[in-house]
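See below for start_4.csv, which holds CSV, C-alpha atoms.
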chain,number,residue,atom,x,y,z
A,1,MET,CA,107.5,3.8,25.1
A,2,SER,CA,105.6,6.7,23.5
A,3,ILE,CA,103.7,6.1,20.2
A,4,TRP,CA,103.2,9.9,19.8
A,5,ARG,CA,104.5,11.2,16.5
A,6,GLY,CA,103.6,14.9,16.7
A,7,PRO,CA,106.2,17.6,16.3
A,8,GLN,CA,105.4,18.8,19.8
A,9,LYS,CA,103.8,17.2,22.8
A,10,LEU,CA,100.1,16.7,23.0
A,11,ILE,CA,98.5,18.8,25.7
A,12,LEU,CA,95.7,17.7,28.0
A,13,ALA,CA,93.7,20.7,29.2
A,14,SER,CA,93.0,19.0,32.5
A,15,GLN,CA,94.6,17.8,35.8
A,16,SER,CA,92.2,14.9,36.1
A,17,ARG,CA,94.1,11.9,37.5
A,18,ALA,CA,91.9,9.5,35.6
A,19,ARG,CA,92.3,11.3,32.3
A,20,LYS,CA,96.1,11.5,32.7
A,21,MET,CA,96.2,7.8,33.5
A,22,LEU,CA,94.3,6.9,30.3
A,23,LEU,CA,96.6,8.9,28.1
A,24,GLU,CA,99.7,7.5,29.8
A,25,ASN,CA,98.5,3.9,29.5
A,26,ALA,CA,97.8,4.6,25.8
A,27,GLY,CA,101.4,5.5,25.3
A,28,LEU,CA,100.9,9.2,24.4
A,29,ASP,CA,103.6,11.8,25.1
A,30,PHE,CA,101.7,14.7,26.7
A,31,GLU,CA,101.7,17.4,29.3
A,32,ALA,CA,98.8,18.5,31.5
A,33,LEU,CA,97.9,22.2,31.4
A,34,PRO,CA,94.5,22.9,33.0
A,35,ALA,CA,92.2,25.5,31.4
A,36,ASP,CA,91.4,28.4,33.6
A,37,ILE,CA,87.8,28.9,32.7
A,38,ASP,CA,84.7,29.6,34.8
A,39,GLU,CA,82.7,26.5,33.9
A,40,ARG,CA,79.5,27.6,35.6
A,41,ALA,CA,79.6,31.0,33.8
A,42,VAL,CA,80.2,29.3,30.4
A,43,GLN,CA,77.3,27.0,31.0
A,44,LYS,CA,75.0,29.7,32.2
A,45,ASN,CA,75.8,32.1,29.3
A,46,SER,CA,75.3,29.3,26.7
A,47,GLY,CA,71.7,28.8,27.5
A,48,LEU,CA,72.1,25.1,26.9
A,49,SER,CA,70.3,22.5,29.1
A,50,ALA,CA,71.0,19.1,27.5
A,51,PRO,CA,73.8,17.3,29.5
A,52,GLY,CA,75.6,16.1,26.4
A,53,GLU,CA,75.6,19.6,24.8
A,54,ILE,CA,76.9,21.1,28.0
A,55,ALA,CA,79.7,18.6,28.3
A,56,SER,CA,80.7,19.1,24.7
A,57,LEU,CA,80.7,22.9,25.0
A,58,LEU,CA,82.9,22.8,28.1
A,59,ALA,CA,85.3,20.3,26.5
A,60,CYS,CA,85.6,22.6,23.5
A,61,GLU,CA,86.1,25.8,25.6
A,62,LYS,CA,88.9,24.1,27.6
A,63,ALA,CA,90.7,23.0,24.5
A,64,LEU,CA,90.3,26.4,22.9
A,65,PHE,CA,91.5,28.3,26.0
A,66,VAL,CA,94.8,26.3,26.2
A,67,SER,CA,95.3,26.1,22.4
A,68,ARG,CA,95.5,29.9,22.2
A,69,GLN,CA,98.4,29.8,24.7
A,70,ARG,CA,100.3,27.1,22.8
A,71,PRO,CA,100.4,27.8,19.1
A,72,GLY,CA,100.8,24.8,16.8
A,73,GLN,CA,100.1,22.2,19.5
A,74,TYR,CA,97.2,19.8,19.6
A,75,VAL,CA,95.2,20.3,22.8
A,76,VAL,CA,92.7,17.8,24.2
A,77,GLY,CA,89.8,19.2,26.3
A,78,ALA,CA,87.4,16.9,28.2
A,79,ASP,CA,84.3,17.3,30.4
A,80,GLN,CA,81.7,15.1,32.0
A,81,THR,CA,78.2,15.8,33.1
A,82,LEU,CA,75.9,13.6,35.2
A,83,ALA,CA,72.1,13.6,34.8
A,84,LEU,CA,69.3,11.9,36.6
A,85,GLY,CA,66.4,12.5,34.3
A,86,GLN,CA,66.3,16.2,33.8
A,87,ARG,CA,68.4,17.0,36.9
A,88,MET,CA,72.1,17.6,36.5
A,89,PHE,CA,74.6,17.0,39.3
A,90,SER,CA,77.9,18.8,40.0
A,91,LYS,CA,80.8,18.0,42.4
A,92,PRO,CA,79.5,18.0,46.0
A,93,ALA,CA,80.7,20.9,48.1
A,94,GLY,CA,81.3,18.6,51.1
A,95,ARG,CA,80.2,15.5,52.9
A,96,THR,CA,76.7,16.6,53.5
A,97,GLN,CA,76.0,17.3,49.9
A,98,ALA,CA,77.7,14.1,48.9
A,99,ALA,CA,75.4,12.1,51.1
A,100,GLU,CA,72.4,13.9,49.7
A,101,GLN,CA,73.4,13.2,46.1
A,102,LEU,CA,74.1,9.5,46.8
A,103,GLY,CA,70.7,9.3,48.5
A,104,LEU,CA,69.0,10.6,45.3
A,105,LEU,CA,70.9,8.3,43.0
A,106,ALA,CA,70.6,5.1,45.1
A,107,GLY,CA,68.4,2.5,43.4
A,108,ARG,CA,68.1,4.5,40.2
A,109,THR,CA,69.8,4.8,36.8
A,110,HIS,CA,71.6,7.9,35.8
A,111,GLU,CA,73.7,8.9,32.8
A,112,LEU,CA,77.2,10.1,32.4
A,113,HIS,CA,77.9,12.2,29.3
A,114,SER,CA,81.6,12.4,28.6
A,115,ALA,CA,82.9,14.8,25.9
A,116,VAL,CA,86.3,15.2,24.3
A,117,SER,CA,87.5,17.9,22.0
A,118,VAL,CA,90.8,18.6,20.2
A,119,ALA,CA,91.8,22.2,19.3
A,120,ARG,CA,94.8,23.7,17.5
A,121,ASP,CA,95.6,27.4,17.1
A,122,GLY,CA,92.2,28.5,18.5
A,123,LYS,CA,90.1,26.2,16.2
A,124,VAL,CA,88.2,23.1,17.2
A,125,LEU,CA,89.3,20.2,14.9
A,126,PHE,CA,87.3,17.3,16.5
A,127,SER,CA,84.7,16.7,19.2
A,128,ASP,CA,82.7,13.7,20.4
A,129,VAL,CA,80.3,12.8,23.2
A,130,SER,CA,79.6,9.3,24.6
A,131,VAL,CA,77.1,8.2,27.2
A,132,ALA,CA,77.2,5.5,30.0
A,133,ARG,CA,74.1,4.4,31.9
A,134,MET,CA,74.9,3.7,35.6
A,135,THR,CA,72.5,1.9,37.9
A,136,MET,CA,73.3,2.3,41.6
A,137,ARG,CA,72.1,-0.3,44.0
A,138,ARG,CA,69.7,0.5,46.8
A,139,LEU,CA,71.6,2.1,49.7
A,140,ALA,CA,70.5,2.5,53.3
A,141,ALA,CA,71.6,5.6,55.2
A,142,GLY,CA,74.2,3.5,57.1
A,143,GLU,CA,75.7,2.2,53.9
A,144,ILE,CA,76.1,5.7,52.5
A,145,LYS,CA,77.7,6.8,55.8
A,146,SER,CA,80.2,3.9,55.7
A,147,TYR,CA,81.1,4.6,52.1
A,148,LEU,CA,81.7,8.3,52.8
A,149,ASP,CA,83.8,7.4,55.9
A,150,HIS,CA,86.1,5.1,53.8
A,151,ALA,CA,86.2,7.3,50.6
A,152,GLY,CA,87.1,10.5,52.5
A,153,GLU,CA,87.9,13.7,50.7
A,154,ALA,CA,87.8,11.9,47.3
A,155,VAL,CA,84.1,12.2,47.2
A,156,THR,CA,84.3,16.0,46.5
A,157,THR,CA,86.5,15.6,43.4
A,158,SER,CA,84.0,14.0,41.0
A,159,VAL,CA,80.3,14.5,40.2
A,160,ALA,CA,77.9,12.6,42.4
A,161,ALA,CA,80.6,11.8,44.9
A,162,TYR,CA,82.0,8.6,43.4
A,163,GLN,CA,84.9,7.4,41.4
A,164,LEU,CA,84.3,4.0,39.8
A,165,GLU,CA,88.0,3.2,39.6
A,166,GLY,CA,88.1,3.4,43.4
A,167,LEU,CA,85.7,2.6,46.2
A,168,GLY,CA,82.8,3.9,44.1
A,169,VAL,CA,82.5,0.6,42.4
A,170,HIS,CA,80.8,-0.8,45.5
A,171,LEU,CA,77.8,1.5,44.9
A,172,PHE,CA,76.7,-0.1,41.6
A,173,GLU,CA,74.7,-3.1,40.4
A,174,ARG,CA,74.8,-2.5,36.7
A,175,ILE,CA,76.8,-0.4,34.2
A,176,GLU,CA,76.1,0.1,30.5
A,177,GLY,CA,78.9,1.9,28.6
A,178,ASP,CA,82.6,1.7,28.1
A,179,HIS,CA,85.2,2.2,30.8
A,180,PHE,CA,86.7,5.3,29.2
A,181,THR,CA,83.4,7.1,29.1
A,182,ILE,CA,82.9,6.4,32.7
A,183,LEU,CA,86.3,7.8,33.6
A,184,GLY,CA,85.6,11.0,31.7
A,185,LEU,CA,87.4,10.6,28.3
A,186,PRO,CA,86.0,9.0,25.2
A,187,LEU,CA,89.4,7.5,24.4
A,188,LEU,CA,88.6,5.3,21.4
A,189,SER,CA,87.2,8.2,19.3
A,190,LEU,CA,90.1,10.4,20.4
A,191,LEU,CA,92.7,7.9,19.3
A,192,ALA,CA,90.9,7.4,16.0
A,193,PHE,CA,91.1,11.2,15.3
A,194,LEU,CA,94.8,11.3,16.2
A,195,ARG,CA,95.5,8.3,13.9
A,196,GLY,CA,93.7,10.2,11.1
A,197,GLU,CA,96.0,13.1,11.7
A,198,LYS,CA,99.0,10.8,11.4
A,199,LEU,CA,100.1,11.5,15.0
A,200,LEU,CA,100.3,8.0,16.3
A,201,ALA,CA,102.7,5.1,15.4
A,202,VAL,CA,100.0,2.4,15.8
What does the file become when written as structure tokens?
Amino acid sequence: MSIWRGPQKLILASQSRARKMLLENAGLDFEALPADIDERAVQKNSGLSAPGEIASLLACEKALFVSRQRPGQYVVGADQTLALGQRMFSKPAGRTQAAEQLGLLAGRTHELHSAVSVARDGKVLFSDVSVARMTMRRLAAGEIKSYLDHAGEAVTTSVAAYQLEGLGVHLFERIEGDHFTILGLPLLSLLAFLRGEKLLAV
């Protein structure tokens, strides 16, 4: 049963399976409408280098892009960046790059910066960034190969070639941060904003 009380459906500017699952499980009535933006170009033109700032910028740009197409509706944008020290990672282009990324992350701690933004009528109403620290266990080359064999094409759909809600959980020895941040949507702060707008029944 939906707890959404808005005059129109909420819009999620993403086709991420994990983000859709989070909103569905929270009882929100929404539709997914991905934003057609060039993320690399937006990032390059911004001049930003901090992972959290980049994630926030992209979340805002996604929400704004869709909100201009859907007047009056609340649009949620989200983005996630992964950083190992000063180095940022992106989705691997294929298995070879996935193996390289996992090799670099193995035995070390990296950070996931997850951003959420809400826009309406081309104006950002809310934004937030949360961080999770992920420590990957040491992995031999054979273990990485076995993981990639079992995970298949899914490794190219998320940064650093893993999905914690799936087989990626086997790669880790310690996690610091909430589940929603890791899945790419700071849900608690988003729900707090929507409650403040009187859009939720609970």
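Minimum distance to Leu23 (chain A) across A:Gln73, A:Ser2, A:Ser158, A:Ser130 (counting all atoms listed in the file) occurs at A:Ser2.
Here CA of Val129 (chain A) and CA of Leu190 (chain A) stand 10.5 Å from one another.
Nearest residue to Leu64 (chain A) among A:Ser49, A:Thr181, A:Ser127, A:Gln80 is A:Ser127, counting all atoms listed in the file.
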* **Point-to-point distance in Å for CA of Ala132 (chain A) and CA of Leu200 (chain A)** => 27.0 Å
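The shortest atom-to-atom distance to Leu28 (chain A), with all atoms listed in the file taken into account, belongs to A:Met1 out of A:Val169, A:Ala13, A:Met1, A:Val42.
For the pair CA of Glu39 (chain A) and CA of Gln86 (chain A), the separation is 19.4 Å.
Nearest residue to Ala99 (chain A), choosing from A:Asp121, A:Glu111, A:Asp149, A:Asp128 and counting all atoms listed in the file: A:Asp149.
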* Asked: For Gly77 (chain A), which of A:Ile3, A:Ile144, A:Leu194, A:Leu185 is the closest residue, counting all atoms listed in the file?
  -> A:Leu185
* Proximity to Glu197 (chain A) - best of A:Tyr74, A:Val155, A:Glu143, A:Arg19, all atoms listed in the file -> A:Tyr74
* Fewer than 5 positions away in the same chain doesn't count, so skip those; otherwise give me all residues within 10 Å of region 55-63 of chain A, counting all atoms listed in the file, as a ChimeraX atom specification. => /A:11-14,33-40,42-43,46,48,50,68,74-82,112-130
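The residues that lie within 12 Å of the point (77.5, -2.8, 45.4), counting only C-alpha atoms, are Ala106, Gly107, Thr135, Met136, Arg137, Arg138, Leu139, Ala140, Glu143, Ile144, Tyr147, Leu164, Leu167, Gly168, Val169, His170, Leu171, Phe172, Glu173, Arg174 and Ile175 of chain A.
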